[in-house]
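To keep things clear, I will list the structure first and then write my remarks on it.
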Amino acid sequence: MLMMFAVFGAAGLVMEVFWTGLGSLLARDRRATSKTSIWMFFIYGMGAFLTPVMGVIYPMFWLLRGMIYAACIFLIEYAFGRAMKAISACPWDYSDVRLNVHGVIRLDYAPVWMAVGLIMEQIYFGFFA
């Protein structure tokens, strides 16, 4: 479990660095700078605890699996976001985005979280199952 936690945490950081770098590139920052927080390693690492869910839902259609992963990620993101905001340590703030919930989740990120869940699923089945 510890190895899965580390792999999921590292994979999440890599995806986040790519995502934020792509966002800055699209905003015309030719340096394509990225931004993340060390706390994100631990949040992405929590994906290791979703592996029992992965085993159960793997036979389902990929779109349904993606929606389940997005819902699970939203729950984790919301719980951690609220807890981290309470101690002024939350590295993200979506308060200025139209489809936000308490500034800690963005509902328009559902497709992104679906993709992240499906990628993490492939990491799990490719290396651990």
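Following the order of the structure tokens, chains are lettered A, B, ..., residues in each are numbered from 1, and ligands are numbered from 1.
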Can you build me a table of range 88-123 of chain A residues sitting at most 9 Å from range 38-46 of chain A, with the closest atom pair per residue and its distance in Å to one decimal, using only C-alpha atoms, sorted by chain and residue number, as JSON lines?
```
{"residue": "A:Ala89", "atom": "CA", "partner": "A:Trp39", "partner_atom": "CA", "distance": 8.8}
{"residue": "A:Cys90", "atom": "CA", "partner": "A:Trp39", "partner_atom": "CA", "distance": 8.5}
{"residue": "A:Pro91", "atom": "CA", "partner": "A:Trp39", "partner_atom": "CA", "distance": 7.8}
```
Next, the residues of the selection above should be written as a PDB file, in the first residue's frame with C-alpha atoms.
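Result file follows (part-v2.pdb):
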```pdb
ATOM      1  CA  ALA A  89      -2.947  25.616   4.118  1.00  0.00           C
ATOM      2  CA  CYS A  90      -5.095  24.945   1.029  1.00  0.00           C
ATOM      3  CA  PRO A  91      -2.903  25.370  -2.080  1.00  0.00           C
TER       4      PRO A  91
END
```
With only C-alpha atoms as the counted atoms, please give the residues lying no more than 8 Å from range 55-67 of chain A, apart from itself and same-chain residues fewer than 2 positions off, as a ChimeraX atom specification. /A:51-53,69-71,110,113-115,117-118
For a quick check of understanding, using only C-alpha atoms, which of A:Leu26, A:Leu99, A:Val116, A:Leu50 has the smallest distance to Leu13 in chain A?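 Between A:Leu26, A:Leu99, A:Val116, A:Leu50, the residue approaching Leu13 in chain A most closely is A:Val116.
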Excluding Ser24 in chain A and its own-chain neighbours fewer than 6 positions away, which residues fall within 12 Å of it when counting only C-alpha atoms? Please give them as a PyMOL selection string. chain A and resi 17-18+30-35
Interatomic distance between CA of Lys85 in chain A and CA of Val112 in chain A? 22.6 Å
Which residues are close to range 78-84 of chain A, i.e. within 9 Å by only C-alpha atoms, leaving aside same-chain residues fewer than 6 positions away? Reply as a PDB file with N, CA and C atoms, in the first residue's frame.
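Below is the file around-v6.pdb, written as the result:
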```pdb
ATOM      1  N   ILE A  43      -2.299  14.223  -1.246  1.00  0.00           N
ATOM      2  CA  ILE A  43      -3.688  14.157  -1.730  1.00  0.00           C
ATOM      3  C   ILE A  43      -3.798  13.174  -2.887  1.00  0.00           C
ATOM      4  N   CYS A  90      -4.587  25.467   2.312  1.00  0.00           N
ATOM      5  CA  CYS A  90      -5.095  24.945   1.029  1.00  0.00           C
ATOM      6  C   CYS A  90      -4.336  25.600  -0.131  1.00  0.00           C
ATOM      7  N   PRO A  91      -3.684  24.796  -0.985  1.00  0.00           N
ATOM      8  CA  PRO A  91      -2.903  25.370  -2.080  1.00  0.00           C
ATOM      9  C   PRO A  91      -3.733  25.818  -3.280  1.00  0.00           C
ATOM     10  N   TRP A  92      -5.030  25.630  -3.254  1.00  0.00           N
ATOM     11  CA  TRP A  92      -5.870  26.070  -4.366  1.00  0.00           C
ATOM     12  C   TRP A  92      -7.072  26.824  -3.815  1.00  0.00           C
ATOM     13  N   ASP A  93      -7.610  27.694  -4.678  1.00  0.00           N
ATOM     14  CA  ASP A  93      -8.800  28.447  -4.329  1.00  0.00           C
ATOM     15  C   ASP A  93      -9.577  28.710  -5.607  1.00  0.00           C
ATOM     16  N   VAL A 101     -17.601  24.912  -5.650  1.00  0.00           N
ATOM     17  CA  VAL A 101     -18.331  24.553  -4.430  1.00  0.00           C
ATOM     18  C   VAL A 101     -17.424  24.920  -3.264  1.00  0.00           C
ATOM     19  N   HIS A 102     -17.814  25.940  -2.528  1.00  0.00           N
ATOM     20  CA  HIS A 102     -17.060  26.452  -1.378  1.00  0.00           C
ATOM     21  C   HIS A 102     -15.613  26.778  -1.714  1.00  0.00           C
ATOM     22  N   GLY A 103     -15.336  27.038  -2.969  1.00  0.00           N
ATOM     23  CA  GLY A 103     -13.989  27.417  -3.387  1.00  0.00           C
ATOM     24  C   GLY A 103     -12.995  26.274  -3.435  1.00  0.00           C
ATOM     25  N   VAL A 104     -13.444  25.051  -3.142  1.00  0.00           N
ATOM     26  CA  VAL A 104     -12.485  23.940  -3.075  1.00  0.00           C
ATOM     27  C   VAL A 104     -12.654  22.886  -4.171  1.00  0.00           C
ATOM     28  N   ILE A 105     -13.762  22.878  -4.863  1.00  0.00           N
ATOM     29  CA  ILE A 105     -13.868  22.010  -6.041  1.00  0.00           C
ATOM     30  C   ILE A 105     -14.472  22.804  -7.194  1.00  0.00           C
TER      31      ILE A 105
END
```
Quick one: pull the distance between CA of Met54 in chain A and CA of Phe125 in chain A, Å, one decimal.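 CA of Phe125 in chain A lies at a distance of 8.9 Å from CA of Met54 in chain A.
Taking CA of Met120 in chain A and CA of Phe8 in chain A as endpoints, the distance between them is 7.0 Å.
Nearest residue to Leu75 in chain A, choosing from A:Leu25, A:Met4, A:Ala48, A:Leu107 and counting only C-alpha atoms: A:Leu107.
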Pull the strand (DSSP E or B) assignments for chain A out of DSSP run on the backbone, and list those residues as a JSON list (two decimals) with N, CA and C atoms, in the first residue's frame.
```json
[["chain", "number", "residue", "atom", "x", "y", "z"],
["A", 100, "ASN", "N", -17.88, 26.60, -8.82],
["A", 100, "ASN", "CA", -17.13, 26.14, -7.66],
["A", 100, "ASN", "C", -18.08, 25.77, -6.53],
["A", 101, "VAL", "N", -17.60, 24.91, -5.65],
["A", 101, "VAL", "CA", -18.33, 24.55, -4.43],
["A", 101, "VAL", "C", -17.42, 24.92, -3.26],
["A", 105, "ILE", "N", -13.76, 22.88, -4.86],
["A", 105, "ILE", "CA", -13.87, 22.01, -6.04],
["A", 105, "ILE", "C", -14.47, 22.80, -7.19],
["A", 106, "ARG", "N", -14.11, 22.40, -8.39],
["A", 106, "ARG", "CA", -14.65, 22.99, -9.62],
["A", 106, "ARG", "C", -15.40, 21.90, -10.36]]
```
DSSP on the backbone, alpha helix (DSSP H) only: what residues of chain A does that give? Format it as an NGL selection string. :A and (2-26 or 38-45 or 51-57 or 62-86 or 110-127)
From the options A:Ser88, A:Phe49, A:Glu77, A:Ile68, which residue's atoms come nearest to Ala6 in chain A, counting only C-alpha atoms?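 Smallest separation from Ala6 in chain A among the options: A:Phe49.
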